[in-house]
Amino acid sequence: MSRYAAFVLFLFLGFEIYLSQGIEVKVNDKDDKLCLYANLMVNFSVEYETKDNKNVTAEFTIPDAFTSSGSSCDTKTSTLKINFGDGHSWSVNFSLSNKTYQADSITFSYNLSDSTIFHDPLSNDTVTVNTQPHISDVVMDTCYSCKSKEIFTTDAVSQTLWNVLIQAFVVNGSKSENITSCSADIPVTPTTVAPTTVTPTTHTTAAPVTNVTTLPPTTPTPTPPPAIPPTGRYSIKPDENSTEACLLADFGLRIGLKQGEKYEEMNLDTNGTKVSGFCGVNNSELVLEFATVTMVFSFINESQRFRLHALNVTGKMSSGVAFSEVNTNLSLWETALGSSYMCNKKQNDTITNQLSLFTFDLRVQPFGVKKGVFSTAEECFLDSDLSFLVPIAVGVALSFLIILVLISYLIGRRKSRTGYQSV
């Protein structure tokens, strides 16, 4: 009985509570007409510090019982707000301009004093983070649809959004059946460039015939290094109607995972890779969904230079070991805006204590792509003509050190002789 009473109460206010796996929200205007509709799924991953100085991660989702109090609609702006648990909320602000609408910001607030989610936290504050979503250029009187997963990483918070269906400005109180799809749901077939394999020539020399039987050596054969992974060519377009890319990335990828005393490396096969992401002025993102691994590359533009500042990798290794590793404080592949970053030689970067990233034949440009092709490349140090000077410099330094030690020895020996002059 109380359940139906609560339903009537929120229906009167223009909001409803739904008990389902997805989050469905209907917001009514002052005339009791539907003005905003949303059906989506979102998960959260929050890293926080405990009282014993440990960093732990809490993973949770919006429960079945929630409210949409605080949601609102207007002719030019609308807000979707979802309240859940003990003081948590998640909201999206929309704006309308020239018959298209977009999501301007996502605001997530979480209460660290909620002991059902955060266990023994050092702080009991309510923390708020803001991020910019990838929902833009949605035609009026259509629903924005995105079944693919989009991951937003800000500071210690990661938000995963998928199975999204939103109409932020409903016309005449009736949800539209027309769809504006996200770029991630538009199939993209990556071009695979197979690596060139050089087979060494084996020379066999016949042994003389004797009466002695030679047994093969018992030394174990060392494990050969993994083959060079294939090079994938990936691109992101601003929208489904664009013909030219705004983000370009070519590379072969391998990941290395350390689990206790075990270490495993795995090449990422480009066949069937699902590509998604977005391009922005100061933030761009490339999402690659391989067969068993999903990688989210987040790029940032600061002071006319771009870099890879965050990498989120989840999935399973060939051995079946599941993992989830993220670093939001990287400074990799840094290059001047208007150029592309290139490194043909193998690079090995430590992402976390457990995860390593290997790249081969790398070239990337997340900003300022013109006519859908790479701009002039800035080479990495390994590809530059100066890289050969490193071993020479080390050799010169060692030689100088040896000479310095020898001179010191001779001077010391000479002084010791002068102390034993004959009388």
# chains A, B, ... in the order shown; residues from 1 in each chain; ligands from 1
$ residues_around --residues "A:Gly85" --least-positions-apart "2" --cutoff "10 Å" --atoms "only C-alpha atoms" --output "list in words"
Ile62, Pro63, Ala65, Phe66, Thr67, Asn83, Gly87, His88, Ser89, Tyr110, Asn111, Asp114, Thr116 and Ile117 of chain A
$ write_last_selection --atoms "C-alpha atoms" --output "PDB file, in the first residue's frame"
ATOM      1  CA  ILE A  62      22.586   3.225  -9.062  1.00  0.00           C
ATOM      2  CA  PRO A  63      20.236   0.915  -7.146  1.00  0.00           C
ATOM      3  CA  ALA A  65      15.200   2.557  -5.850  1.00  0.00           C
ATOM      4  CA  PHE A  66      16.055   6.158  -6.694  1.00  0.00           C
ATOM      5  CA  THR A  67      14.336   9.516  -7.163  1.00  0.00           C
ATOM      6  CA  ASN A  83      19.323  10.811  -6.289  1.00  0.00           C
ATOM      7  CA  GLY A  87      23.404  11.400  -0.166  1.00  0.00           C
ATOM      8  CA  HIS A  88      24.587  10.451  -3.680  1.00  0.00           C
ATOM      9  CA  SER A  89      23.417  12.149  -6.874  1.00  0.00           C
ATOM     10  CA  TYR A 110      29.173  10.909  -3.626  1.00  0.00           C
ATOM     11  CA  ASN A 111      29.025  10.800   0.148  1.00  0.00           C
ATOM     12  CA  ASP A 114      27.950   6.050   3.360  1.00  0.00           C
ATOM     13  CA  THR A 116      27.433   0.596   2.767  1.00  0.00           C
ATOM     14  CA  ILE A 117      29.776   1.632  -0.071  1.00  0.00           C
TER      15      ILE A 117
END
$ residues_around --residues "A:Asp349" --least-positions-apart "6" --cutoff "9 Å" --atoms "only C-alpha atoms" --output "ChimeraX atom specification"
/A:332,355-359
$ write_last_selection --atoms "C-alpha atoms" --output "mmCIF file, in the first residue's frame"
data_model
loop_
_atom_site.group_PDB
_atom_site.id
_atom_site.type_symbol
_atom_site.label_atom_id
_atom_site.label_comp_id
_atom_site.auth_asym_id
_atom_site.auth_seq_id
_atom_site.Cartn_x
_atom_site.Cartn_y
_atom_site.Cartn_z
ATOM 1 C CA LEU A 332 52.950 10.287 -22.768
ATOM 2 C CA LEU A 355 50.285 -2.946 -16.243
ATOM 3 C CA SER A 356 52.795 -2.162 -18.999
ATOM 4 C CA LEU A 357 51.951 -0.878 -22.480
ATOM 5 C CA PHE A 358 54.053 -1.726 -25.546
ATOM 6 C CA THR A 359 53.529 0.215 -28.770
#
$ residues_around --residues "A:Ser91" --least-positions-apart "3" --cutoff "8 Å" --atoms "only C-alpha atoms" --output "NGL selection string"
:A and (79-82 or 106-108)
$ atom_distance --atom1 "atom CA of A:Asn283" --atom2 "atom CA of A:Leu268"
25.2 Å
$ residues_around --residues "A:Val171" --least-positions-apart "3" --cutoff "10 Å" --atoms "only C-alpha atoms" --output "ChimeraX atom specification"
/A:33-36,140-142,167-168,174-176
$ select_by_dssp --residues "stretch 237-370 of chain A" --states "strand (DSSP E or B)" --output "number ranges by chain"
A: 247-259, 262-267, 274-278, 283-289, 293-302, 305-316, 322-327, 332-336, 340-343, 347-350, 355-365, 370
$ residues_around --residues "A:Val293" --least-positions-apart "3" --cutoff "6 Å" --atoms "only C-alpha atoms" --output "PyMOL selection string"
chain A and resi 290+314-315
$ write_last_selection --atoms "N, CA and C atoms" --output "compact mmCIF listing (two decimals), in the first residue's frame"
# COMPACT_ATOMS: atom_id res chain seq x y z
N PHE A 290 38.68 -4.62 -28.07
CA PHE A 290 39.20 -5.81 -28.69
C PHE A 290 38.36 -7.01 -28.24
N THR A 314 40.69 -2.60 -19.23
CA THR A 314 39.97 -3.66 -18.53
C THR A 314 39.82 -4.86 -19.44
N GLY A 315 39.70 -6.05 -18.85
CA GLY A 315 39.46 -7.23 -19.66
C GLY A 315 40.09 -8.47 -19.08
$ closest_residue --among "A:Ile179, A:Val369, A:Met266, A:Val364" --to "A:Leu308" --atoms "only C-alpha atoms"
A:Val364
$ closest_residue --among "A:Leu248, A:Phe152, A:Asp185, A:Leu288" --to "A:Phe44" --atoms "only C-alpha atoms"
A:Phe152
$ residues_around --residues "A:Tyr144" --least-positions-apart "3" --cutoff "10 Å" --atoms "only C-alpha atoms" --output "list of chain:residue names"
A:Ala38, A:Tyr101, A:Gln102, A:Ile135, A:Ser136, A:Asp137, A:Val138, A:Val139, A:Met140, A:Asp141, A:Val164, A:Leu165, A:Ile166, A:Gln167, A:Ala168, A:Asn178, A:Ile179, A:Thr180, A:Ser181, A:Cys182
$ write_last_selection --atoms "all heavy atoms" --output "tab-separated table (two decimals), in the first residue's frame"
chain	number	residue	atom	x	y	z
A	38	ALA	N	14.45	9.69	-20.12
A	38	ALA	CA	15.78	9.06	-20.08
A	38	ALA	C	15.66	7.61	-19.67
A	38	ALA	O	14.89	7.26	-18.77
A	38	ALA	CB	16.70	9.81	-19.10
A	101	TYR	N	20.28	19.94	-29.64
A	101	TYR	CA	20.61	20.06	-28.23
A	101	TYR	C	21.84	19.22	-27.90
A	101	TYR	O	22.25	18.33	-28.67
A	101	TYR	CB	19.42	19.69	-27.33
A	101	TYR	CG	18.92	18.27	-27.42
A	101	TYR	CD1	19.44	17.26	-26.61
A	101	TYR	CD2	17.88	17.93	-28.29
A	101	TYR	CE1	18.96	15.97	-26.67
A	101	TYR	CE2	17.39	16.63	-28.34
A	101	TYR	CZ	17.93	15.65	-27.53
A	101	TYR	OH	17.45	14.36	-27.60
A	102	GLN	N	22.43	19.51	-26.75
A	102	GLN	CA	23.64	18.82	-26.32
A	102	GLN	C	23.67	18.73	-24.80
A	102	GLN	O	22.95	19.46	-24.11
A	102	GLN	CB	24.89	19.55	-26.80
A	102	GLN	CG	25.08	20.92	-26.16
A	102	GLN	CD	26.34	21.62	-26.65
A	102	GLN	OE1	26.85	21.31	-27.71
A	102	GLN	NE2	26.85	22.55	-25.86
A	135	ILE	N	27.68	13.97	-25.70
A	135	ILE	CA	26.37	14.08	-26.32
A	135	ILE	C	26.24	15.47	-26.93
A	135	ILE	O	26.17	16.47	-26.22
A	135	ILE	CB	25.25	13.83	-25.29
A	135	ILE	CG1	25.45	12.47	-24.61
A	135	ILE	CG2	23.88	13.89	-25.95
A	135	ILE	CD1	24.49	12.22	-23.46
A	136	SER	N	26.23	15.55	-28.27
A	136	SER	CA	26.15	16.85	-28.93
A	136	SER	C	25.46	16.70	-30.27
A	136	SER	O	25.37	15.60	-30.84
A	136	SER	CB	27.55	17.45	-29.12
A	136	SER	OG	28.34	16.62	-29.95
A	137	ASP	N	24.97	17.84	-30.80
A	137	ASP	CA	24.34	17.91	-32.12
A	137	ASP	C	23.19	16.90	-32.26
A	137	ASP	O	23.05	16.24	-33.30
A	137	ASP	CB	25.38	17.67	-33.22
A	137	ASP	CG	26.47	18.72	-33.22
A	137	ASP	OD1	26.15	19.89	-32.95
A	137	ASP	OD2	27.64	18.38	-33.49
A	138	VAL	N	22.37	16.79	-31.22
A	138	VAL	CA	21.21	15.92	-31.27
A	138	VAL	C	20.05	16.73	-31.86
A	138	VAL	O	19.68	17.79	-31.33
A	138	VAL	CB	20.83	15.39	-29.87
A	138	VAL	CG1	19.67	14.40	-29.98
A	138	VAL	CG2	22.04	14.74	-29.21
A	139	VAL	N	19.49	16.24	-32.94
A	139	VAL	CA	18.43	16.98	-33.64
A	139	VAL	C	17.19	17.04	-32.76
A	139	VAL	O	16.81	16.06	-32.11
A	139	VAL	CB	18.11	16.31	-34.98
A	139	VAL	CG1	16.99	17.07	-35.71
A	139	VAL	CG2	19.36	16.25	-35.85
A	140	MET	N	16.57	18.21	-32.75
A	140	MET	CA	15.33	18.41	-31.99
A	140	MET	C	14.28	17.39	-32.42
A	140	MET	O	14.19	17.02	-33.59
A	140	MET	CB	14.83	19.84	-32.22
A	140	MET	CG	13.64	20.22	-31.37
A	140	MET	SD	14.09	20.33	-29.63
A	140	MET	CE	12.56	20.97	-28.95
A	141	ASP	N	13.48	16.95	-31.47
A	141	ASP	CA	12.43	15.95	-31.68
A	141	ASP	C	13.00	14.59	-32.07
A	141	ASP	O	12.38	13.82	-32.81
A	141	ASP	CB	11.41	16.42	-32.72
A	141	ASP	CG	10.09	15.66	-32.60
A	141	ASP	OD1	9.80	15.13	-31.50
A	141	ASP	OD2	9.35	15.55	-33.60
A	164	VAL	N	22.13	4.02	-23.53
A	164	VAL	CA	21.55	5.33	-23.28
A	164	VAL	C	20.47	5.65	-24.30
A	164	VAL	O	20.67	5.47	-25.51
A	164	VAL	CB	22.63	6.43	-23.32
A	164	VAL	CG1	22.00	7.81	-23.13
A	164	VAL	CG2	23.69	6.16	-22.27
A	165	LEU	N	19.32	6.12	-23.83
A	165	LEU	CA	18.25	6.65	-24.67
A	165	LEU	C	17.69	7.87	-23.96
A	165	LEU	O	17.03	7.76	-22.93
A	165	LEU	CB	17.16	5.61	-24.91
A	165	LEU	CG	16.06	6.03	-25.90
A	165	LEU	CD1	16.64	6.17	-27.31
A	165	LEU	CD2	14.91	5.03	-25.90
A	166	ILE	N	17.97	9.07	-24.52
A	166	ILE	CA	17.59	10.32	-23.86
A	166	ILE	C	16.94	11.25	-24.87
A	166	ILE	O	17.44	11.42	-25.99
A	166	ILE	CB	18.80	11.02	-23.23
A	166	ILE	CG1	19.38	10.22	-22.06
A	166	ILE	CG2	18.43	12.42	-22.74
A	166	ILE	CD1	20.61	10.84	-21.43
A	167	GLN	N	15.83	11.84	-24.47
A	167	GLN	CA	15.27	12.97	-25.19
A	167	GLN	C	15.13	14.11	-24.20
A	167	GLN	O	14.24	14.12	-23.36
A	167	GLN	CB	13.92	12.65	-25.83
A	167	GLN	CG	13.41	13.78	-26.73
A	167	GLN	CD	12.15	13.42	-27.49
A	167	GLN	OE1	11.62	12.32	-27.35
A	167	GLN	NE2	11.66	14.34	-28.31
A	168	ALA	N	16.06	15.06	-24.29
A	168	ALA	CA	16.13	16.12	-23.28
A	168	ALA	C	15.08	17.19	-23.48
A	168	ALA	O	14.78	17.93	-22.54
A	168	ALA	CB	17.53	16.75	-23.30
A	178	ASN	N	12.12	8.85	-33.40
A	178	ASN	CA	13.29	9.09	-34.24
A	178	ASN	C	14.56	9.08	-33.39
A	178	ASN	O	14.55	9.48	-32.23
A	178	ASN	CB	13.17	10.43	-34.96
A	178	ASN	CG	11.95	10.47	-35.87
A	178	ASN	OD1	11.65	9.50	-36.55
A	178	ASN	ND2	11.24	11.60	-35.88
A	179	ILE	N	15.67	8.63	-34.00
A	179	ILE	CA	16.91	8.40	-33.25
A	179	ILE	C	18.06	9.18	-33.86
A	179	ILE	O	18.23	9.24	-35.08
A	179	ILE	CB	17.27	6.90	-33.23
A	179	ILE	CG1	16.19	6.09	-32.50
A	179	ILE	CG2	18.63	6.66	-32.58
A	179	ILE	CD1	16.04	6.43	-31.04
A	180	THR	N	18.87	9.80	-32.99
A	180	THR	CA	20.19	10.31	-33.35
A	180	THR	C	21.22	9.43	-32.65
A	180	THR	O	21.33	9.46	-31.42
A	180	THR	CB	20.38	11.78	-32.93
A	180	THR	OG1	19.45	12.61	-33.63
A	180	THR	CG2	21.79	12.25	-33.25
A	181	SER	N	21.95	8.63	-33.41
A	181	SER	CA	22.88	7.65	-32.82
A	181	SER	C	24.23	8.30	-32.55
A	181	SER	O	24.67	9.20	-33.26
A	181	SER	CB	23.07	6.45	-33.76
A	181	SER	OG	21.85	5.76	-33.95
A	182	CYS	N	24.89	7.81	-31.50
A	182	CYS	CA	26.25	8.27	-31.20
A	182	CYS	C	27.22	7.69	-32.21
A	182	CYS	O	26.94	6.66	-32.86
A	182	CYS	CB	26.64	7.89	-29.78
A	182	CYS	SG	26.78	6.11	-29.50
$ residues_around --residues "A:Asp239" --least-positions-apart "3" --cutoff "10 Å" --atoms "only C-alpha atoms" --output "MDAnalysis selection string"
chainID A and resid 136:137 181:184 186 236 242:246 278:279
$ closest_residue --among "A:Ala156, A:Ala397, A:Val170, A:Cys380" --to "A:Lys76" --atoms "only C-alpha atoms"
A:Val170
$ closest_residue --among "A:Ala310, A:Asp86, A:Leu286, A:Asn98" --to "A:Thr126" --atoms "only C-alpha atoms"
A:Asp86
$ atom_distance --atom1 "atom CA of A:Thr100" --atom2 "atom CA of A:Thr131"
20.7 Å
$ closest_residue --among "A:Ser148, A:Ser105, A:Asn267, A:Asn53" --to "A:Leu40" --atoms "only C-alpha atoms"
A:Ser148
